[in-house]
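Heads up, upload.csv below (CSV, C-alpha atoms):
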chain,number,residue,atom,x,y,z
A,9,GLN,CA,-21.4,-77.8,33.2
A,10,VAL,CA,-20.7,-80.0,36.2
A,11,GLN,CA,-21.4,-79.4,39.8
A,12,LEU,CA,-18.7,-79.9,42.3
A,13,VAL,CA,-19.1,-80.4,46.1
A,14,GLU,CA,-16.0,-80.5,48.3
A,15,SER,CA,-15.8,-82.0,51.8
A,16,GLY,CA,-13.2,-83.1,54.3
A,17,GLY,CA,-11.7,-79.8,55.4
A,18,GLY,CA,-11.2,-79.0,59.0
A,19,LEU,CA,-8.7,-78.2,61.7
A,20,VAL,CA,-5.5,-80.2,61.9
A,21,GLN,CA,-2.2,-79.8,63.8
A,22,PRO,CA,1.0,-79.3,62.0
A,23,GLY,CA,2.3,-82.6,60.7
A,24,GLY,CA,-1.2,-84.0,60.5
A,25,SER,CA,-3.2,-85.3,57.6
A,26,LEU,CA,-6.5,-84.6,55.9
A,27,ARG,CA,-8.2,-86.0,52.9
A,28,LEU,CA,-10.4,-83.7,50.8
A,29,SER,CA,-13.1,-85.1,48.5
A,30,CYS,CA,-14.8,-83.6,45.5
A,31,ALA,CA,-18.0,-85.2,44.3
A,32,VAL,CA,-18.8,-84.5,40.7
A,33,SER,CA,-22.3,-84.5,39.3
A,34,GLY,CA,-24.0,-83.3,36.1
A,35,SER,CA,-22.6,-83.8,32.6
A,36,ILE,CA,-19.3,-85.4,33.5
A,37,PHE,CA,-18.3,-86.4,30.0
A,38,SER,CA,-15.5,-84.6,28.3
A,39,ILE,CA,-13.9,-83.4,31.5
A,40,ASN,CA,-10.3,-82.7,30.5
A,41,VAL,CA,-8.8,-81.7,33.8
A,42,MET,CA,-9.8,-81.8,37.4
A,43,GLY,CA,-7.8,-80.4,40.2
A,44,TRP,CA,-7.5,-78.6,43.5
A,45,TYR,CA,-6.7,-74.9,44.1
A,46,ARG,CA,-6.4,-73.0,47.3
A,47,GLN,CA,-6.6,-69.5,48.4
A,48,ALA,CA,-5.3,-68.0,51.7
A,49,PRO,CA,-6.4,-64.6,53.0
A,50,GLY,CA,-4.7,-61.9,51.1
A,51,ASN,CA,-3.3,-64.3,48.5
A,52,GLU,CA,-4.3,-65.2,45.0
A,53,ARG,CA,-5.9,-68.5,44.2
A,54,GLU,CA,-3.2,-71.0,43.3
A,55,VAL,CA,-3.1,-74.4,41.8
A,56,VAL,CA,-2.3,-77.2,44.2
A,57,ALA,CA,-2.7,-80.3,42.1
A,58,ARG,CA,-4.3,-81.4,38.8
A,59,ILE,CA,-5.2,-84.7,37.3
A,60,LEU,CA,-5.8,-85.1,33.6
A,61,SER,CA,-8.3,-87.4,31.8
A,62,ASP,CA,-5.4,-89.8,31.1
A,63,GLY,CA,-4.6,-90.0,34.8
A,64,SER,CA,-1.4,-88.0,34.6
A,65,THR,CA,-0.9,-85.6,37.5
A,66,TYR,CA,0.7,-82.3,38.3
A,67,TYR,CA,1.7,-80.8,41.7
A,68,ALA,CA,2.8,-77.4,42.8
A,69,GLY,CA,6.3,-77.5,44.1
A,70,SER,CA,5.2,-76.5,47.6
A,71,VAL,CA,3.1,-79.7,48.0
A,72,LYS,CA,5.0,-82.2,46.0
A,73,GLY,CA,5.8,-85.3,48.0
A,74,ARG,CA,3.2,-84.4,50.6
A,75,PHE,CA,-0.1,-84.3,48.7
A,76,THR,CA,-1.6,-86.8,46.4
A,77,ILE,CA,-4.4,-86.3,44.0
A,78,SER,CA,-6.4,-89.3,42.9
A,79,ARG,CA,-9.8,-90.1,41.4
A,80,ASP,CA,-12.4,-92.8,41.7
A,81,ILE,CA,-14.1,-92.8,38.3
A,82,ALA,CA,-16.9,-95.2,39.5
A,83,LYS,CA,-17.8,-92.7,42.3
A,84,ASN,CA,-17.3,-89.6,40.2
A,85,THR,CA,-15.0,-88.3,42.9
A,86,ILE,CA,-11.6,-86.9,43.2
A,87,TYR,CA,-9.5,-86.7,46.3
A,88,LEU,CA,-6.6,-84.8,47.7
A,89,GLN,CA,-4.7,-86.6,50.4
A,90,MET,CA,-2.7,-84.1,52.3
A,91,ASN,CA,0.1,-85.3,54.6
A,92,SER,CA,2.7,-83.5,56.7
A,93,LEU,CA,0.5,-80.4,56.7
A,94,LYS,CA,2.2,-77.1,57.5
A,95,PRO,CA,0.7,-73.8,58.8
A,96,GLU,CA,1.3,-72.3,55.3
A,97,ASP,CA,-1.1,-75.0,53.8
A,98,ALA,CA,-4.0,-73.3,55.6
A,99,ALA,CA,-6.5,-72.0,53.0
A,100,VAL,CA,-9.8,-72.5,51.4
A,101,TYR,CA,-9.4,-75.4,49.0
A,102,TYR,CA,-11.5,-75.4,45.8
A,103,CYS,CA,-12.2,-78.3,43.5
A,104,TYR,CA,-12.0,-77.4,39.8
A,105,ALA,CA,-13.1,-79.0,36.5
A,106,LEU,CA,-12.4,-78.1,32.9
A,107,GLN,CA,-14.6,-79.2,30.1
A,108,GLY,CA,-13.4,-77.8,26.8
A,109,ARG,CA,-13.3,-74.1,27.6
A,110,THR,CA,-15.8,-74.2,30.5
A,111,ASP,CA,-14.5,-73.9,34.1
A,112,SER,CA,-16.5,-75.2,37.1
A,113,TRP,CA,-15.7,-74.6,40.7
A,114,GLY,CA,-16.8,-75.9,44.0
A,115,GLN,CA,-17.8,-73.8,46.9
A,116,GLY,CA,-14.6,-74.4,48.8
A,117,THR,CA,-13.7,-76.1,52.0
A,118,GLN,CA,-11.6,-74.6,54.8
A,119,VAL,CA,-8.4,-76.2,55.9
A,120,THR,CA,-6.8,-74.8,59.1
A,121,VAL,CA,-3.4,-76.0,60.3
A,122,SER,CA,-2.7,-74.9,63.8
A,123,SER,CA,-1.5,-76.2,67.1
As structure tokens, the full file:
Amino acid sequence: QVQLVESGGGLVQPGGSLRLSCAVSGSIFSINVMGWYRQAPGNEREVVARILSDGSTYYAGSVKGRFTISRDIAKNTIYLQMNSLKPEDAAVYYCYALQGRTDSWGQGTQVTVSS
């Protein structure tokens, strides 16, 4: 199982940008999927973006064109660049990794979008 540590959350005005980072440590081999989920108060956790081991990506419709997931294999880190942020993007953002059938989650980082 891997350990995931997110950073980069904070307060941003509508229309602003943030970049989240997720540092991966532990047994990083055989990670099939990594991604970002988010959960706002009163809502279920939802997928934001995923990146597969072959580099292919998936985005939720609500963030497509505004968010970009990427990875730096040398640094064992994935990123989520969030542009044109909206108040409805506010949530706790969680990093996620799937190895075989094993899920790993980070502790979450708060993103607040408010003027």
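Between atom CA of A:Asn51 and atom CA of A:Pro95 there is a distance of 14.6 Å.
The environment of A:Tyr104 within 6 Å, counting all atoms listed in the file and disregarding residues fewer than 2 places along the same chain, consists of Met42, Gly43, Trp44, Ser112 and Trp113 of chain A.
You can rank A:Ser123, A:Gln118, A:Thr76, A:Ser25 by their closest distance to A:Ala57 using only C-alpha atoms, and at the top of that list sits A:Thr76.
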Do you know which residues lie at most 12 Å from (3.5, -75.8, 58.7), with coordinates as in the file and all atoms listed in the file counted, and could you write them as an mmCIF file with C-alpha atoms, in the coordinates of the input?
data_model
loop_
_atom_site.group_PDB
_atom_site.id
_atom_site.type_symbol
_atom_site.label_atom_id
_atom_site.label_comp_id
_atom_site.auth_asym_id
_atom_site.auth_seq_id
_atom_site.Cartn_x
_atom_site.Cartn_y
_atom_site.Cartn_z
ATOM 1 C CA VAL A 20 -5.500 -80.200 61.900
ATOM 2 C CA GLN A 21 -2.200 -79.800 63.800
ATOM 3 C CA PRO A 22 1.000 -79.300 62.000
ATOM 4 C CA GLY A 23 2.300 -82.600 60.700
ATOM 5 C CA GLY A 24 -1.200 -84.000 60.500
ATOM 6 C CA SER A 25 -3.200 -85.300 57.600
ATOM 7 C CA SER A 70 5.200 -76.500 47.600
ATOM 8 C CA VAL A 71 3.100 -79.700 48.000
ATOM 9 C CA ARG A 74 3.200 -84.400 50.600
ATOM 10 C CA ASN A 91 0.100 -85.300 54.600
ATOM 11 C CA SER A 92 2.700 -83.500 56.700
ATOM 12 C CA LEU A 93 0.500 -80.400 56.700
ATOM 13 C CA LYS A 94 2.200 -77.100 57.500
ATOM 14 C CA PRO A 95 0.700 -73.800 58.800
ATOM 15 C CA GLU A 96 1.300 -72.300 55.300
ATOM 16 C CA ASP A 97 -1.100 -75.000 53.800
ATOM 17 C CA ALA A 98 -4.000 -73.300 55.600
ATOM 18 C CA THR A 120 -6.800 -74.800 59.100
ATOM 19 C CA VAL A 121 -3.400 -76.000 60.300
ATOM 20 C CA SER A 122 -2.700 -74.900 63.800
ATOM 21 C CA SER A 123 -1.500 -76.200 67.100
#
Please measure the separation of atom CA of A:Tyr67 and atom CA of A:Ser35, giving the value in Å to one decimal. 26.1 Å
Near A:Ile86, within 7 Å and counting only C-alpha atoms, which residues show up once chain neighbours fewer than 3 positions away are dropped, as a VMD selection string? chain A and resid 29 to 31 78 to 80
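If you look at atom CA of A:Val55 and atom CA of A:Arg27, they are 16.8 Å away from each other.
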Leaving out A:Gln9 and any residue of its chain fewer than 4 positions from it, which residues lie within 8 Å of it when counting only C-alpha atoms, given as a PyMOL selection string? chain A and resi 34-36+107+110-112
Identify, on the basis of only C-alpha atoms, every residue whose closest approach to A:Gln115 does not exceed 9 Å; exclude the query and any residue fewer than 4 positions from it along the same chain; express the result as a compact mmCIF listing (two decimals) with C-alpha atoms, in the coordinates of the input.
# COMPACT_ATOMS: atom_id res chain seq x y z
CA LEU A 12 -18.70 -79.90 42.30
CA VAL A 13 -19.10 -80.40 46.10
CA GLU A 14 -16.00 -80.50 48.30
CA TYR A 101 -9.40 -75.40 49.00
CA TYR A 102 -11.50 -75.40 45.80
CA CYS A 103 -12.20 -78.30 43.50
Within 12 Å of A:Asp62 using all atoms listed in the file, minus same-chain residues under 2 positions, as a PyMOL selection string: chain A and resi 38-42+58-60+64-65+78-79+81
Create the file for the chosen residues now, containing C-alpha atoms and written as a short mmCIF file (atom, residue, chain, number, x, y, z; two decimals), keeping the file's coordinate frame.
data_model
loop_
_atom_site.label_atom_id
_atom_site.label_comp_id
_atom_site.auth_asym_id
_atom_site.auth_seq_id
_atom_site.Cartn_x
_atom_site.Cartn_y
_atom_site.Cartn_z
CA SER A 38 -15.50 -84.60 28.30
CA ILE A 39 -13.90 -83.40 31.50
CA ASN A 40 -10.30 -82.70 30.50
CA VAL A 41 -8.80 -81.70 33.80
CA MET A 42 -9.80 -81.80 37.40
CA ARG A 58 -4.30 -81.40 38.80
CA ILE A 59 -5.20 -84.70 37.30
CA LEU A 60 -5.80 -85.10 33.60
CA SER A 64 -1.40 -88.00 34.60
CA THR A 65 -0.90 -85.60 37.50
CA SER A 78 -6.40 -89.30 42.90
CA ARG A 79 -9.80 -90.10 41.40
CA ILE A 81 -14.10 -92.80 38.30
#
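If you measure from each of A:Val56, A:Met90, A:Ala68, A:Val100 to A:Gly114 using only C-alpha atoms, the closest one turns out to be A:Val100.
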For a quick check of understanding, using only C-alpha atoms, which of A:Ser33, A:Gly18, A:Tyr66, A:Ala99 has the smallest distance to A:Pro49? A:Ala99
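The nearest approach to A:Phe37 among the residues A:Thr117, A:Gly108, A:Gly50, A:Gly16, with all atoms listed in the file taken into account, belongs to A:Gly108.
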Which is closest to A:Leu19 among A:Leu106, A:Val119, A:Gly63, A:Gly69, if we use all atoms listed in the file? A:Val119
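Take the candidates A:Ala105, A:Tyr87, A:Ser61, A:Gly116 and check each one against A:Leu28 using only C-alpha atoms; the shortest distance goes to A:Tyr87.
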Would you list the residues near (-20.9, -90.7, 45.5) (no more than 9 Å away, in the coordinates of the file, using only C-alpha atoms) as a ChimeraX atom specification? /A:31-33,82-85
